[in-house]
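Only one structure is covered here, and it is reproduced in the block below.
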Amino acid sequence: MHRIVTIQYLRAVAATGVVVHHFIGPAYFDSGLKQPPSIGEAGVDLFFVISGFIMWTTTGRRQIGPQEFMWHRILRIVPLYWLFTLAYFLTTLASKHSPISTLDVIRSLFFVPWFDGHLSQRISAFYFLGWTLMYEMFFYCVFAVTLVLPRALQLKAIVGCLSALIVVGLLFDFKGGMSFAYTSPLLLEFMAGCIIGRLYEANCTAPKPLALVLIGGGLVVLVLSATNMPDNLLERALTWGLSSALIVMGILSFEFDAEKRFSNTAFLLGNASYSIYLSHIIILLVFNLAMKRTGMIHGFGIDQTFSSAAAFYGICGSALALLGGVAVYQLIERPVSKLIVLGLAQRRPVEVPVVRERL
């Protein structure tokens, strides 16, 4: 299957942004310093747009039914997510610092969100990174249902369904986890990805000068939002989500150039982005514990507006998380994926495609 190099590069950028965002925080919080502005959290919004794009473009290359689509998505998402949920469960159990709710663990494992008004994203999961996967799995369900329609009607159905849900969410102040998540403005980002995928499928890419404007505009909005963070999810979708959509739309115009100047490192990080995303919090916990025991964090100095030691912590920790995520991809995710493809091939010897643009 044709690889889309620029999308893989953006996945590497999104994963790196989220990792850096999470590694910057602990050093500054623990030392009493004010955390510097960070737009790394917007990597999640970039992931959502990319997800919509990939689901649209990959399903357009061959006929696939709802059941087969969901089966592939579950096999792609669940094994690694359950593995790191278990790792986090054991880590939490060993720390003895906070009680563990069995119900929360079960709900997390089966992608059932619950509402938490204290969180910026308003929904929670036991392994808290799982909140993004709860949005992903719901989008997959909506997308799967539309696969029964002719291709010409599918995009209209996706846009109509998600738009209606978002309008309902804006009209009613839901406080239930599922009702809140499944009517969230963040669904706009998946919708945008599907629309971009449709344009790309029709060879409607922007001329390079316009593409540069799109990318530059998206980056400017992201940078400006660092000092004026979105107050709610609608504002987040219209700032980070729209910016991500502009960047994705623009970067696709440089696909030919990216193929000519191929980067193995960036492509590998893109392939490993799911492993990086899921593993980096476990690595963060271990790294943070090691830094505390060596006294590094406590020596940062609370009277500084910026700490070189805190910056060093963030850089070293982020680099370690990226390397660890790549190791997880090579040693766990990739072999498991190959076993799954082999198993599917034995069940259905007709055709089992190898998907390179993986989420």
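We label chains A, B, ... in the order they appear in the structure tokens, count residues from 1 in each chain, and number ligands from 1 in the order shown.
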Original post:
Among stretch 31-180 of chain A, which residues carry a DSSP assignment of helix (DSSP H, G or I), reported as a PyMOL selection string?
Top reply: chain A and resi 31+40-59+66-95+102-109+130-146+151-171+177-180
**OP:** Find the residues near stretch 122-129 of chain A: any atom within 6 Å, counting only C-alpha atoms, skip ones fewer than 6 places away on the same chain, and give them as a list in words.
**Re:** Thr85, Asp104, Val105, Ser108, Pro113, Trp114, Phe115 and Asp116 of chain A
File dump, residues just selected, C-alpha atoms, as a compact mmCIF listing (two decimals), in the first residue's frame:
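Output contents, as saved in result22.txt:
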# COMPACT_ATOMS: atom_id res chain seq x y z
CA THR A 85 -2.96 0.09 31.28
CA ASP A 104 -12.37 2.81 36.69
CA VAL A 105 -9.94 0.17 35.45
CA SER A 108 -10.88 2.29 30.86
CA PRO A 113 -15.30 7.56 29.46
CA TRP A 114 -16.46 9.29 32.61
CA PHE A 115 -16.92 13.00 33.19
CA ASP A 116 -14.42 14.94 35.27
**OP:** Tell me, in Å to one decimal, how far atom CA of A:Ile195 is from atom CA of A:Lys260.
**Re:**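 About the pair atom CA of A:Ile195 and atom CA of A:Lys260: they are 26.6 Å apart.
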Set out as CSV a contact list for stretch 32-119 of chain A and stretch 261-278 of chain A with a cut-off of 9 Å, giving each residue of stretch 32-119 of chain A that qualifies its closest atom pair and distance in Å to one decimal, counting only C-alpha atoms, ordered by chain and rising residue number.
residue,atom,partner,partner_atom,distance
A:Ile77,CA,A:Tyr274,CA,8.7
A:Leu80,CA,A:Ser275,CA,7.6
A:Tyr81,CA,A:Leu278,CA,6.9
A:Phe84,CA,A:Leu278,CA,6.7
A:Thr85,CA,A:Leu278,CA,8.9
Enumerate the residues of stretch 89-318 of chain A with a DSSP assignment of strand (DSSP E), computed from the backbone, and present them as an mmCIF file with C-alpha atoms, in the first residue's frame.
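File written: out13.cif
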data_model
loop_
_atom_site.group_PDB
_atom_site.id
_atom_site.type_symbol
_atom_site.label_atom_id
_atom_site.label_comp_id
_atom_site.auth_asym_id
_atom_site.auth_seq_id
_atom_site.Cartn_x
_atom_site.Cartn_y
_atom_site.Cartn_z
ATOM 1 C CA TRP A 114 -16.460 9.290 32.605
ATOM 2 C CA PHE A 115 -16.923 12.999 33.187
ATOM 3 C CA ILE A 123 -13.330 13.106 30.447
ATOM 4 C CA SER A 124 -11.042 10.695 32.209
#
What's around A:Ser184 at 10 Å? Count only C-alpha atoms, leave out sequence neighbours fewer than 6 positions away in its own chain, and write the answer as a PDB file with N, CA and C atoms, in the first residue's frame.
ATOM      1  N   GLN A 121      -9.896  18.341  29.422  1.00  0.00           N
ATOM      2  CA  GLN A 121     -10.635  17.627  28.388  1.00  0.00           C
ATOM      3  C   GLN A 121     -11.968  17.094  28.893  1.00  0.00           C
ATOM      4  N   ARG A 122     -12.196  17.206  30.193  1.00  0.00           N
ATOM      5  CA  ARG A 122     -13.479  16.897  30.849  1.00  0.00           C
ATOM      6  C   ARG A 122     -13.815  15.408  30.934  1.00  0.00           C
ATOM      7  N   TYR A 135     -12.156   8.837  22.357  1.00  0.00           N
ATOM      8  CA  TYR A 135     -12.622   9.600  21.203  1.00  0.00           C
ATOM      9  C   TYR A 135     -12.358   8.833  19.904  1.00  0.00           C
ATOM     10  N   LEU A 162     -21.638  13.725  12.748  1.00  0.00           N
ATOM     11  CA  LEU A 162     -20.779  14.370  13.741  1.00  0.00           C
ATOM     12  C   LEU A 162     -21.239  15.795  14.012  1.00  0.00           C
ATOM     13  N   SER A 163     -21.671  16.493  12.968  1.00  0.00           N
ATOM     14  CA  SER A 163     -22.161  17.866  13.158  1.00  0.00           C
ATOM     15  C   SER A 163     -23.384  17.884  14.059  1.00  0.00           C
ATOM     16  N   LEU A 165     -24.238  15.693  16.333  1.00  0.00           N
ATOM     17  CA  LEU A 165     -23.833  15.376  17.701  1.00  0.00           C
ATOM     18  C   LEU A 165     -23.204  16.584  18.388  1.00  0.00           C
ATOM     19  N   ILE A 166     -22.374  17.306  17.651  1.00  0.00           N
ATOM     20  CA  ILE A 166     -21.723  18.484  18.228  1.00  0.00           C
ATOM     21  C   ILE A 166     -22.753  19.550  18.580  1.00  0.00           C
ATOM     22  N   VAL A 167     -23.732  19.764  17.711  1.00  0.00           N
ATOM     23  CA  VAL A 167     -24.784  20.748  17.980  1.00  0.00           C
ATOM     24  C   VAL A 167     -25.557  20.369  19.235  1.00  0.00           C
ATOM     25  N   VAL A 168     -25.874  19.083  19.371  1.00  0.00           N
ATOM     26  CA  VAL A 168     -26.576  18.615  20.573  1.00  0.00           C
ATOM     27  C   VAL A 168     -25.734  18.894  21.815  1.00  0.00           C
ATOM     28  N   GLY A 169     -24.428  18.639  21.708  1.00  0.00           N
ATOM     29  CA  GLY A 169     -23.545  18.880  22.843  1.00  0.00           C
ATOM     30  C   GLY A 169     -23.457  20.347  23.218  1.00  0.00           C
ATOM     31  N   LEU A 170     -23.545  21.238  22.219  1.00  0.00           N
ATOM     32  CA  LEU A 170     -23.494  22.672  22.500  1.00  0.00           C
ATOM     33  C   LEU A 170     -24.800  23.174  23.112  1.00  0.00           C
ATOM     34  N   PHE A 174     -24.024  18.521  29.108  1.00  0.00           N
ATOM     35  CA  PHE A 174     -23.949  17.132  29.553  1.00  0.00           C
ATOM     36  C   PHE A 174     -22.897  16.969  30.645  1.00  0.00           C
ATOM     37  N   MET A 178     -20.079   9.513  28.674  1.00  0.00           N
ATOM     38  CA  MET A 178     -20.318   9.156  27.281  1.00  0.00           C
ATOM     39  C   MET A 178     -21.062  10.257  26.540  1.00  0.00           C
ATOM     40  N   LEU A 233     -13.520  23.280  25.034  1.00  0.00           N
ATOM     41  CA  LEU A 233     -13.229  22.360  23.939  1.00  0.00           C
ATOM     42  C   LEU A 233     -13.630  22.918  22.581  1.00  0.00           C
ATOM     43  N   LEU A 234     -14.665  23.746  22.536  1.00  0.00           N
ATOM     44  CA  LEU A 234     -15.020  24.364  21.259  1.00  0.00           C
ATOM     45  C   LEU A 234     -13.908  25.295  20.799  1.00  0.00           C
ATOM     46  N   ALA A 237     -11.012  23.194  19.602  1.00  0.00           N
ATOM     47  CA  ALA A 237     -11.220  22.635  18.267  1.00  0.00           C
ATOM     48  C   ALA A 237     -11.047  23.693  17.181  1.00  0.00           C
TER      49      ALA A 237
END
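Minimum atom-to-atom distance to A:Asp231, evaluated using only C-alpha atoms, belongs to A:Leu119 out of A:Leu119, A:Ala144, A:Ile54, A:Ala87.
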Closest atom pairs, residues of stretch 7-69 of chain A within 9 Å of stretch 319-322 of chain A, only C-alpha atoms, as a Markdown table:
| residue | atom | partner | partner_atom | distance |
| --- | --- | --- | --- | --- |
| A:Ala15 | CA | A:Leu322 | CA | 8.6 |
| A:Thr16 | CA | A:Leu322 | CA | 7.3 |
| A:Val19 | CA | A:Ala321 | CA | 7.2 |
| A:Val20 | CA | A:Ala319 | CA | 8.8 |
**OP:** Select, from A:Ser243, A:Ser51, A:Thr132, A:Asn203, the residue with the minimum atom-to-atom distance to A:Ser225, counting only C-alpha atoms.
**Re:** A:Ser243
